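Engineer: File start21.cif below, mmCIF, C-alpha atoms:
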data_target
#
loop_
_atom_site.label_atom_id
_atom_site.label_comp_id
_atom_site.auth_asym_id
_atom_site.auth_seq_id
_atom_site.Cartn_x
_atom_site.Cartn_y
_atom_site.Cartn_z
CA MET A 1 0.20 -53.69 -39.39
CA LYS A 2 2.83 -53.99 -36.72
CA PHE A 3 5.45 -56.76 -36.67
CA TRP A 4 6.33 -58.06 -33.20
CA THR A 5 8.74 -60.84 -32.36
CA THR A 6 10.34 -62.54 -29.40
CA GLY A 7 11.94 -65.88 -28.79
CA ARG A 8 12.50 -68.91 -26.65
CA ILE A 9 16.10 -70.04 -26.56
CA ASP A 10 18.04 -72.69 -24.68
CA GLU A 11 20.81 -71.93 -22.23
CA LYS A 12 23.61 -72.48 -24.76
CA ILE A 13 22.63 -69.31 -26.61
CA GLU A 14 23.37 -66.11 -24.77
CA PHE A 15 20.34 -63.83 -24.57
CA GLU A 16 22.34 -60.83 -25.79
CA ILE A 17 23.38 -62.70 -28.95
CA PHE A 18 19.76 -63.59 -29.64
CA GLN A 19 18.45 -60.13 -28.73
CA LEU A 20 20.75 -58.32 -31.17
CA ALA A 21 19.39 -60.23 -34.17
CA MET A 22 15.80 -60.14 -32.90
CA LEU A 23 15.79 -56.37 -32.43
CA GLU A 24 17.52 -55.82 -35.77
CA ILE A 25 14.96 -57.88 -37.69
CA GLU A 26 11.99 -56.43 -35.82
CA LYS A 27 13.17 -52.90 -36.62
CA GLU A 28 13.97 -53.69 -40.28
CA VAL A 29 10.62 -55.37 -40.91
CA ASN A 30 8.65 -52.62 -39.17
CA ASP A 31 10.54 -49.92 -41.09
CA LEU A 32 9.83 -51.76 -44.33
CA ILE A 33 6.10 -52.32 -43.77
CA LYS A 34 5.12 -49.10 -41.96
CA ASN A 35 3.65 -47.45 -45.08
CA LYS A 36 2.43 -50.64 -46.76
CA ASN A 37 -1.09 -51.99 -46.95
CA TYR A 38 -1.43 -55.75 -47.11
CA GLY A 39 -5.07 -55.70 -46.05
CA ASP A 40 -6.79 -55.13 -42.74
CA ALA A 41 -7.06 -58.75 -41.56
CA ILE A 42 -3.85 -58.55 -39.47
CA VAL A 43 -3.20 -55.69 -37.06
CA SER A 44 -0.31 -57.36 -35.23
CA TYR A 45 1.89 -60.01 -36.81
CA ASP A 46 3.19 -61.77 -33.69
CA LEU A 47 6.00 -64.28 -34.11
CA ILE A 48 7.90 -66.35 -31.56
CA ILE A 49 11.21 -67.85 -32.62
CA ASN A 50 12.29 -71.10 -30.93
CA ILE A 51 15.94 -72.12 -30.87
CA PHE A 52 16.49 -75.41 -29.06
CA GLU A 53 18.57 -78.50 -29.75
CA LYS A 54 15.36 -80.52 -29.63
CA ILE A 55 13.03 -79.08 -32.26
CA SER A 56 9.66 -77.95 -30.94
CA GLU A 57 6.32 -78.04 -32.72
CA GLU A 58 5.62 -75.08 -34.97
CA ARG A 59 2.23 -73.32 -34.64
CA PHE A 60 0.37 -71.01 -36.98
CA LYS A 61 -2.64 -69.48 -35.25
CA TYR A 62 -4.73 -66.42 -35.97
CA SER A 63 -7.48 -64.67 -34.02
CA PRO A 64 -10.09 -62.98 -36.23
CA LYS A 65 -11.43 -61.15 -33.17
CA SER A 66 -8.13 -59.45 -32.22
CA LYS A 67 -6.67 -59.63 -35.75
CA GLU A 68 -3.41 -60.96 -34.32
CA THR A 69 -1.29 -63.92 -35.27
CA ASP A 70 0.22 -66.34 -32.77
CA ILE A 71 3.02 -68.07 -34.60
CA ASP A 72 5.88 -70.26 -33.34
CA VAL A 73 8.66 -71.29 -35.73
CA ASN A 74 12.05 -72.88 -35.22
CA ILE A 75 15.57 -71.90 -36.19
CA ASP A 76 18.27 -74.56 -36.38
CA HIS A 77 20.13 -74.46 -33.06
CA ALA A 78 23.62 -75.32 -34.36
CA GLU A 79 23.43 -72.92 -37.30
CA TYR A 80 22.34 -70.06 -35.07
CA LEU A 81 24.87 -70.82 -32.36
CA ASN A 82 27.76 -71.01 -34.83
CA GLY A 83 26.68 -68.12 -37.05
CA ASP A 84 27.88 -64.55 -37.00
CA PHE A 85 25.49 -61.58 -36.71
CA ASN A 86 24.64 -61.55 -40.43
CA LYS A 87 24.01 -65.31 -40.49
CA ARG A 88 21.72 -65.03 -37.44
CA CYS A 89 19.76 -62.21 -39.07
CA ALA A 90 19.42 -64.22 -42.29
CA LEU A 91 18.22 -67.26 -40.30
CA TYR A 92 15.73 -65.03 -38.50
CA LEU A 93 14.40 -63.62 -41.77
CA ASN A 94 14.07 -67.12 -43.20
CA ALA A 95 12.03 -68.05 -40.12
CA VAL A 96 9.79 -65.02 -40.74
CA LEU A 97 9.29 -66.20 -44.32
CA ARG A 98 8.45 -69.72 -43.10
CA SER A 99 5.91 -68.20 -40.70
CA ILE A 100 4.26 -66.38 -43.61
CA ASN A 101 4.03 -69.60 -45.61
CA GLY A 102 2.57 -71.39 -42.60
CA ILE A 103 -0.11 -68.84 -41.70
CA LYS A 104 -1.29 -67.90 -45.18
CA THR A 105 -3.49 -70.99 -45.47
CA ASN A 106 -5.72 -69.77 -42.62
CA LYS A 107 -9.25 -69.42 -44.00
CA HIS A 108 -9.77 -66.07 -42.25
CA LEU A 109 -6.80 -64.54 -44.05
CA ARG A 110 -7.81 -65.06 -47.68
CA GLU A 111 -7.84 -61.32 -48.38
CA PHE A 112 -4.44 -60.60 -46.84
CA ASP A 113 -1.69 -59.94 -49.40
CA PHE A 114 0.83 -62.55 -48.27
CA ASP A 115 2.61 -62.58 -51.63
CA THR A 116 3.62 -58.93 -51.36
CA PHE A 117 4.39 -59.24 -47.64
CA SER A 118 6.66 -62.22 -48.37
CA LYS A 119 8.41 -60.41 -51.24
CA ASP A 120 8.97 -57.38 -49.04
CA VAL A 121 10.49 -59.47 -46.24
CA SER A 122 12.60 -61.40 -48.77
CA SER A 123 14.08 -58.13 -49.99
CA LEU A 124 15.83 -57.73 -46.63
CA ILE A 125 17.86 -60.93 -46.88
CA ASP A 126 20.47 -59.50 -49.26
CA LYS A 127 21.49 -57.01 -46.58
CA TYR A 128 22.80 -59.90 -44.45
CA LYS A 129 24.58 -61.95 -47.10
CA LEU A 130 28.35 -61.95 -46.90
#
Could the structure of this file be written out as structure tokens, please?

Structural biologist:
Amino acid sequence: MKFWTTGRIDEKIEFEIFQLAMLEIEKEVNDLIKNKNYGDAIVSYDLIINIFEKISEERFKYSPKSKETDIDVNIDHAEYLNGDFNKRCALYLNAVLRSINGIKTNKHLREFDFDTFSKDVSSLIDKYKL
């Protein structure tokens, strides 16, 4: 499985500030899961992070044909804007965990090992605690 992420952010958040945390988390998650087997139901775990003052609707979609997720989750705008690098990474990881909780109820993903995937992602959070 490959973890891919991007984001939609409002103009108050500089792209470079967002990109640093996004690339960090994408690399850390991919490094962590590269030799793991959670099942073959998901080939690409695709996640879009939304950071806006007005909260957008979260989505948790999955395509059995392509074996890809299409997930949108939110991060609190003020927390992200006022956080340092570690705080932003922790917020990002918490959003990844929320995405896992949201998608795991999909009927096509019953065989996927979300518990282990979630525990693995959770193990990264300590790295970003102050």

Engineer: On this structure, which residues satisfy the PyMOL selection byres ((chain A and resi 59-62) around 10), written as number ranges by chain?

Structural biologist: A: 41-42, 45-48, 56-58, 63-74, 99-109

Engineer: Which of these, A:Asn82, A:Ile33, A:Glu24, A:Leu91, has the shortest distance to Lys12 (chain A) once you count all atoms listed in the file?

Structural biologist: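 For Lys12 (chain A), the nearest of the given residues is A:Asn82.
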
Engineer: Enter the distance from CA of Asp31 (chain A) to CA of Ile75 (chain A), in Å, rounded to one decimal.

Structural biologist: 23.1 Å

Engineer: Which of these residues is nearest to Gln19 (chain A), using only C-alpha atoms: A:Lys129, A:His77, A:Arg88, A:Lys54?

Structural biologist: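 Comparing A:Lys129, A:His77, A:Arg88, A:Lys54 against Gln19 (chain A), the winner is A:Arg88.
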
Engineer: Could you list, as number ranges by chain, every residue within 12 Å of Ala90 (chain A), counting only C-alpha atoms and ignoring same-chain residues fewer than 3 positions away?

Structural biologist: A: 21-22, 24-25, 75-76, 79-80, 83-87, 93-97, 121-130

Engineer: Considering all atoms listed in the file, can you say which of A:Leu32, A:Trp4, A:Ile49, A:Glu11 comes closest to Lys119 (chain A)?

Structural biologist: A:Leu32

Engineer: What gap, in Å, lies between CA of Gly39 (chain A) and CA of Lys2 (chain A)?

Structural biologist: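 Taking CA of Gly39 (chain A) and CA of Lys2 (chain A), their separation equals 12.3 Å.
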
Engineer: For Asp10 (chain A), which of A:Asn30, A:Val43, A:Asn50, A:Leu23 is the closest residue, counting all atoms listed in the file?

Structural biologist: A:Asn50

Engineer: Would you work out the distance separating CA of Met1 (chain A) from CA of Ile55 (chain A), expressed in Å to one decimal?

Structural biologist: 29.3 Å

Engineer: At a cut-off of 10 Å, using only C-alpha atoms, what residues contact Tyr38 (chain A)? Leave out same-chain residues fewer than 4 positions from it and give the result as JSON, numbers by chain.

Structural biologist: {"A": [1, 33, 42, 111, 112, 113, 114, 115, 116, 117]}

Engineer: Could you check which of A:Ile51, A:Ser118, A:Leu81, A:Cys89 is closest to Leu20 (chain A), using all atoms listed in the file?

Structural biologist: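 Of all the options, A:Cys89 lies closest to Leu20 (chain A).
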
Engineer: Grab region 76-92 of chain A from that structure and dump all heavy atoms to a file, as a compact mmCIF listing (two decimals), in the first residue's frame.

Structural biologist:
# COMPACT_ATOMS: atom_id res chain seq x y z
N ASP A 76 -8.32 21.73 12.31
CA ASP A 76 -8.72 23.01 12.86
C ASP A 76 -7.81 24.12 12.33
O ASP A 76 -6.59 24.07 12.49
CB ASP A 76 -8.69 22.97 14.39
CG ASP A 76 -9.17 24.26 14.99
OD1 ASP A 76 -10.38 24.42 15.19
OD2 ASP A 76 -8.31 25.13 15.26
N HIS A 77 -8.39 25.12 11.72
CA HIS A 77 -7.67 26.22 11.09
C HIS A 77 -6.79 26.98 12.08
O HIS A 77 -5.60 27.20 11.84
CB HIS A 77 -8.67 27.16 10.40
CG HIS A 77 -8.05 28.28 9.66
ND1 HIS A 77 -7.77 29.49 10.24
CD2 HIS A 77 -7.65 28.36 8.38
CE1 HIS A 77 -7.21 30.28 9.35
NE2 HIS A 77 -7.13 29.63 8.20
N ALA A 78 -7.38 27.42 13.18
CA ALA A 78 -6.63 28.24 14.16
C ALA A 78 -5.49 27.46 14.79
O ALA A 78 -4.38 27.99 14.95
CB ALA A 78 -7.59 28.77 15.23
N GLU A 79 -5.75 26.20 15.14
CA GLU A 79 -4.69 25.38 15.74
C GLU A 79 -3.52 25.21 14.78
O GLU A 79 -2.36 25.30 15.17
CB GLU A 79 -5.22 24.00 16.12
CG GLU A 79 -5.85 23.92 17.48
CD GLU A 79 -6.07 22.47 17.86
OE1 GLU A 79 -7.13 21.93 17.49
OE2 GLU A 79 -5.18 21.89 18.51
N TYR A 80 -3.83 24.95 13.52
CA TYR A 80 -2.77 24.74 12.53
C TYR A 80 -2.00 26.03 12.29
O TYR A 80 -0.78 26.05 12.27
CB TYR A 80 -3.36 24.22 11.21
CG TYR A 80 -2.31 23.66 10.30
CD1 TYR A 80 -1.92 22.33 10.40
CD2 TYR A 80 -1.67 24.45 9.35
CE1 TYR A 80 -0.94 21.80 9.58
CE2 TYR A 80 -0.70 23.92 8.52
CZ TYR A 80 -0.33 22.60 8.64
OH TYR A 80 0.66 22.09 7.83
N LEU A 81 -2.73 27.12 12.13
CA LEU A 81 -2.11 28.41 11.84
C LEU A 81 -1.19 28.85 12.97
O LEU A 81 -0.10 29.38 12.74
CB LEU A 81 -3.20 29.46 11.60
CG LEU A 81 -2.77 30.83 11.12
CD1 LEU A 81 -2.07 30.73 9.77
CD2 LEU A 81 -3.97 31.74 11.00
N ASN A 82 -1.59 28.60 14.20
CA ASN A 82 -0.82 29.05 15.36
C ASN A 82 0.19 28.03 15.87
O ASN A 82 0.94 28.32 16.79
CB ASN A 82 -1.77 29.46 16.49
CG ASN A 82 -2.63 30.64 16.09
OD1 ASN A 82 -2.15 31.60 15.51
ND2 ASN A 82 -3.93 30.54 16.35
N GLY A 83 0.21 26.85 15.29
CA GLY A 83 1.10 25.80 15.76
C GLY A 83 2.49 25.90 15.15
O GLY A 83 2.69 26.51 14.10
N ASP A 84 3.45 25.29 15.84
CA ASP A 84 4.79 25.18 15.27
C ASP A 84 4.83 23.91 14.41
O ASP A 84 3.82 23.23 14.23
CB ASP A 84 5.86 25.15 16.37
CG ASP A 84 5.73 23.96 17.31
OD1 ASP A 84 4.89 23.05 17.06
OD2 ASP A 84 6.46 23.91 18.31
N PHE A 85 5.99 23.60 13.87
CA PHE A 85 6.13 22.45 12.96
C PHE A 85 5.66 21.16 13.62
O PHE A 85 4.89 20.38 13.03
CB PHE A 85 7.58 22.31 12.50
CG PHE A 85 7.82 21.11 11.64
CD1 PHE A 85 7.39 21.09 10.32
CD2 PHE A 85 8.46 19.99 12.15
CE1 PHE A 85 7.60 19.97 9.52
CE2 PHE A 85 8.67 18.87 11.35
CZ PHE A 85 8.24 18.86 10.04
N ASN A 86 6.08 20.90 14.85
CA ASN A 86 5.69 19.67 15.53
C ASN A 86 4.19 19.60 15.76
O ASN A 86 3.57 18.54 15.59
CB ASN A 86 6.43 19.52 16.86
CG ASN A 86 7.87 19.10 16.67
OD1 ASN A 86 8.28 18.69 15.59
ND2 ASN A 86 8.65 19.20 17.72
N LYS A 87 3.59 20.71 16.14
CA LYS A 87 2.15 20.76 16.37
C LYS A 87 1.40 20.48 15.06
O LYS A 87 0.43 19.72 15.03
CB LYS A 87 1.74 22.12 16.94
CG LYS A 87 0.25 22.31 17.12
CD LYS A 87 -0.31 21.42 18.18
CE LYS A 87 -1.76 21.77 18.46
NZ LYS A 87 -2.35 20.90 19.45
N ARG A 88 1.88 21.06 13.96
CA ARG A 88 1.23 20.83 12.66
C ARG A 88 1.33 19.37 12.25
O ARG A 88 0.38 18.80 11.73
CB ARG A 88 1.85 21.74 11.61
CG ARG A 88 1.52 23.19 11.82
CD ARG A 88 2.17 24.08 10.78
NE ARG A 88 1.93 25.47 11.11
CZ ARG A 88 2.88 26.37 11.28
NH1 ARG A 88 4.15 26.05 11.10
NH2 ARG A 88 2.57 27.62 11.58
N CYS A 89 2.48 18.77 12.48
CA CYS A 89 2.64 17.35 12.15
C CYS A 89 1.73 16.48 13.01
O CYS A 89 1.12 15.53 12.52
CB CYS A 89 4.10 16.93 12.31
SG CYS A 89 5.18 17.58 11.01
N ALA A 90 1.62 16.81 14.29
CA ALA A 90 0.73 16.06 15.18
C ALA A 90 -0.73 16.22 14.74
O ALA A 90 -1.50 15.24 14.73
CB ALA A 90 0.91 16.51 16.63
N LEU A 91 -1.13 17.43 14.36
CA LEU A 91 -2.49 17.65 13.86
C LEU A 91 -2.73 16.84 12.58
O LEU A 91 -3.80 16.27 12.39
CB LEU A 91 -2.72 19.14 13.58
CG LEU A 91 -2.85 20.04 14.81
CD1 LEU A 91 -2.77 21.50 14.40
CD2 LEU A 91 -4.14 19.76 15.56
N TYR A 92 -1.73 16.80 11.74
CA TYR A 92 -1.83 16.04 10.49
C TYR A 92 -2.00 14.55 10.78
O TYR A 92 -2.87 13.88 10.20
CB TYR A 92 -0.59 16.28 9.63
CG TYR A 92 -0.85 16.25 8.15
CD1 TYR A 92 -0.78 17.41 7.39
CD2 TYR A 92 -1.14 15.07 7.48
CE1 TYR A 92 -1.01 17.39 6.02
CE2 TYR A 92 -1.36 15.04 6.12
CZ TYR A 92 -1.30 16.20 5.39
OH TYR A 92 -1.53 16.18 4.04
